[in-house]
Structures are given as C-alpha cells and as structure tokens.
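Engineer: So that we are looking at the same thing, I have put the structure below in structure tokens.
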Amino acid sequence: MQILYKLPEHYKTIINHLVDTNLEINLLDGIFKKHDVKKILDVACGIGRHAIPLSKMGYEVVGIDFSPFQIKKAEDDAKKESSNAQFVLQNANNFSYPEKFDAAICMWTTLGEEPLQYWKVIKNIFQSLRKGGIFVIDNKSWEHIPESKEKFIENETLGDNGEKIKTKIHDRFTEHFRIRDVIHKIGEKEYQDLCVTHILRERLGGPITKSWILEI
C-alpha cells in the first residue's frame, strides 16, 4: 500500500493541485443523467472525493477501498458533510456485493494502478452491474509520454494546519508501465513511495481517453 494512502489527513491537500473534482463530478452527473443512473458503485473510492458529493446530489453511492485509513477518513467526512454515502473496506480484486448497481466508476487512473489487477476488477464490476449498467473509467492519456521516457515533477503546498508539504516525483516509462518514485516531505518528516501503473490502452488502437464508458 502506498504511503499516501496511509496519510488521509494529507491526501486531499497533496492531490488538489493535480485534479479538478468539481469538473469530474459535473462530467459524471451528465453521464449518469443520460443513462438514468440512480445507484453507483465507486471502486477504489479513497477518501470519498467523488462518492460524497455525488451522494449529496441525490445519488445512492457505495464506495469500496482496500485502505482502512482512507475508508475511515471517508466515513468521517461523510458525517461532517451530512452525506449518506456508504463506505466498505474491500479489495477490488476480489470484492462482491449483494446488490446490483446502475453504474460503477473508477477514477484517476486507479484501474491500472498496482496492486489492483485490472482484469479481475473489471470482471467483478460487471458482475455487480444491472443489465444495461455502465462502467465509467477515468484514465490518463498516455500519448504524451516524453521521448526520454522520464519525467520529473516538483510541487509545494500548505496543509490545513499551515504545515508545508513538498512532493518530488520521478516518472520512468516502459512500454507497459509507469514506475513512479515519490518523496513527500511533510514538515520535518519524509516519506518515500513507489507506485507502479499499467499503461492501459484500447485493444484496437490509441490510448483510452477520459470518460471511457463500458456498457453491458
């Protein structure tokens, strides 16, 4: 498990400069209205970044994640925000759920991220969807991998308590993987991390785009 997933109190701060959650929620809401979605499964839900706002919009949402730290943070935030989203500690590689969903989501390139085994996750998700249900994947476009096969990223932000958070990232790319070495420095403490992500592309051609929808 990545160190970042054990630091839920800092997770949102660290990723906020990388994502636009409101944009993602509006995109999902448009898709769900088009497909008459009422009940949603949020796979690898993390701290409930999508599950909580979607539930407050009237959707019935169940989020699953393998990190007890993330699930606890999601539950706490849901209570604070008067959200009825439910959160379940389950590994997406082997989860099962007794009810069927109208839609499932897996956001922020998480489907390809180890230790998830995407071929198992997709099978489990499709077994959890009603006939005609949809699966929305938010996946990075890999067409802009640098020719050097390396990329360096550095950023700095402040936590809610004013604590300085510095992040250094070194991405290395192979044909099928992105190998990411990360150092988070939070105050005086330093955390080193390694994240391996499968570079998922469509079977017949170019990279998967944002909002790739699978329908059964």
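We name chains A, B, ... following the order of the structure tokens; residues begin at 1 in each chain, and ligands are numbered from 1 as shown.
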Applying 12 Å and only C-alpha atoms, which residues near Ser148 (chain A) remain after dropping the ones on its own chain fewer than 6 positions away? List them as a list in words.
Structural biologist: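 Everything that qualifies: Asp171, Arg172, Phe173 and Thr174 of chain A.
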Engineer: Output the selection as a compact mmCIF listing (two decimals), in the first residue's frame - N, CA and C atoms for each residue.
Structural biologist:
# COMPACT_ATOMS: atom_id res chain seq x y z
N ASP A 171 9.07 10.00 -12.70
CA ASP A 171 8.37 9.00 -13.50
C ASP A 171 9.33 8.37 -14.50
N ARG A 172 9.27 7.05 -14.58
CA ARG A 172 10.02 6.29 -15.59
C ARG A 172 9.01 5.44 -16.36
N PHE A 173 9.12 5.46 -17.69
CA PHE A 173 8.14 4.79 -18.53
C PHE A 173 8.78 3.62 -19.29
N THR A 174 8.08 2.49 -19.30
CA THR A 174 8.41 1.39 -20.19
C THR A 174 7.25 1.26 -21.18
Engineer: Please identify all polymer residues within 12 Å of Leu158 (chain A), counting only C-alpha atoms, omitting same-chain residues fewer than 5 positions from it, and present them as a count of residues only.
Structural biologist: 15
Engineer: Mind pulling up the distance from CA of Ala103 (chain A) to CA of Phe32 (chain A)?
Structural biologist: 7.8 Å
Engineer: Output as a Markdown table one row per residue of region 115-187 of chain A within 10 Å of region 18-31 of chain A: the closest atom pair and its distance in Å to one decimal place, counting only C-alpha atoms, sorted by chain and residue number ascending.
Structural biologist:
| residue | atom | partner | partner_atom | distance |
| --- | --- | --- | --- | --- |
| A:Ile134 | CA | A:Ile31 | CA | 9.5 |
| A:Val136 | CA | A:Leu28 | CA | 8.2 |
| A:Asp138 | CA | A:Glu24 | CA | 9.0 |
Engineer: Need to verify the contact set: region 72-76 of chain A, 7 Å, only C-alpha atoms, exclusion of same-chain residues closer than 3 positions in sequence. Can you return it as a PyMOL selection string?
Structural biologist: chain A and resi 8+47-48+68-69+79-80+87
Engineer: Store the residues picked out above, limited to N, CA and C atoms, as an mmCIF file, in the first residue's frame.
Structural biologist:
data_model
loop_
_atom_site.group_PDB
_atom_site.id
_atom_site.type_symbol
_atom_site.label_atom_id
_atom_site.label_comp_id
_atom_site.auth_asym_id
_atom_site.auth_seq_id
_atom_site.Cartn_x
_atom_site.Cartn_y
_atom_site.Cartn_z
ATOM 1 N N PRO A 8 -4.378 9.883 5.102
ATOM 2 C CA PRO A 8 -5.593 10.504 4.560
ATOM 3 C C PRO A 8 -5.779 11.950 4.971
ATOM 4 N N ILE A 47 -10.857 8.617 -0.169
ATOM 5 C CA ILE A 47 -11.469 9.371 0.923
ATOM 6 C C ILE A 47 -12.869 9.871 0.560
ATOM 7 N N GLY A 48 -13.446 9.336 -0.506
ATOM 8 C CA GLY A 48 -14.800 9.722 -0.890
ATOM 9 C C GLY A 48 -14.868 10.997 -1.699
ATOM 10 N N PRO A 68 -7.870 0.911 5.041
ATOM 11 C CA PRO A 68 -8.706 1.279 6.192
ATOM 12 C C PRO A 68 -8.542 2.743 6.574
ATOM 13 N N PHE A 69 -7.386 3.314 6.279
ATOM 14 C CA PHE A 69 -7.138 4.722 6.587
ATOM 15 C C PHE A 69 -8.022 5.618 5.717
ATOM 16 N N LYS A 79 -19.949 12.091 7.438
ATOM 17 C CA LYS A 79 -20.741 12.546 8.586
ATOM 18 C C LYS A 79 -20.703 14.069 8.699
ATOM 19 N N LYS A 80 -19.505 14.636 8.524
ATOM 20 C CA LYS A 80 -19.366 16.097 8.627
ATOM 21 C C LYS A 80 -20.184 16.824 7.569
ATOM 22 N N PHE A 87 -19.525 3.387 2.881
ATOM 23 C CA PHE A 87 -18.152 3.005 2.546
ATOM 24 C C PHE A 87 -17.848 1.635 3.138
#
Engineer: Would you pick out the contacts of Ile179 (chain A) at 12 Å or less, using only C-alpha atoms, so that residues sharing its chain but fewer than 2 positions from it are not included, and give the list as an MDAnalysis selection string?
Structural biologist: chainID A and resid 112:114 149:152 169:177 181:182 193:199
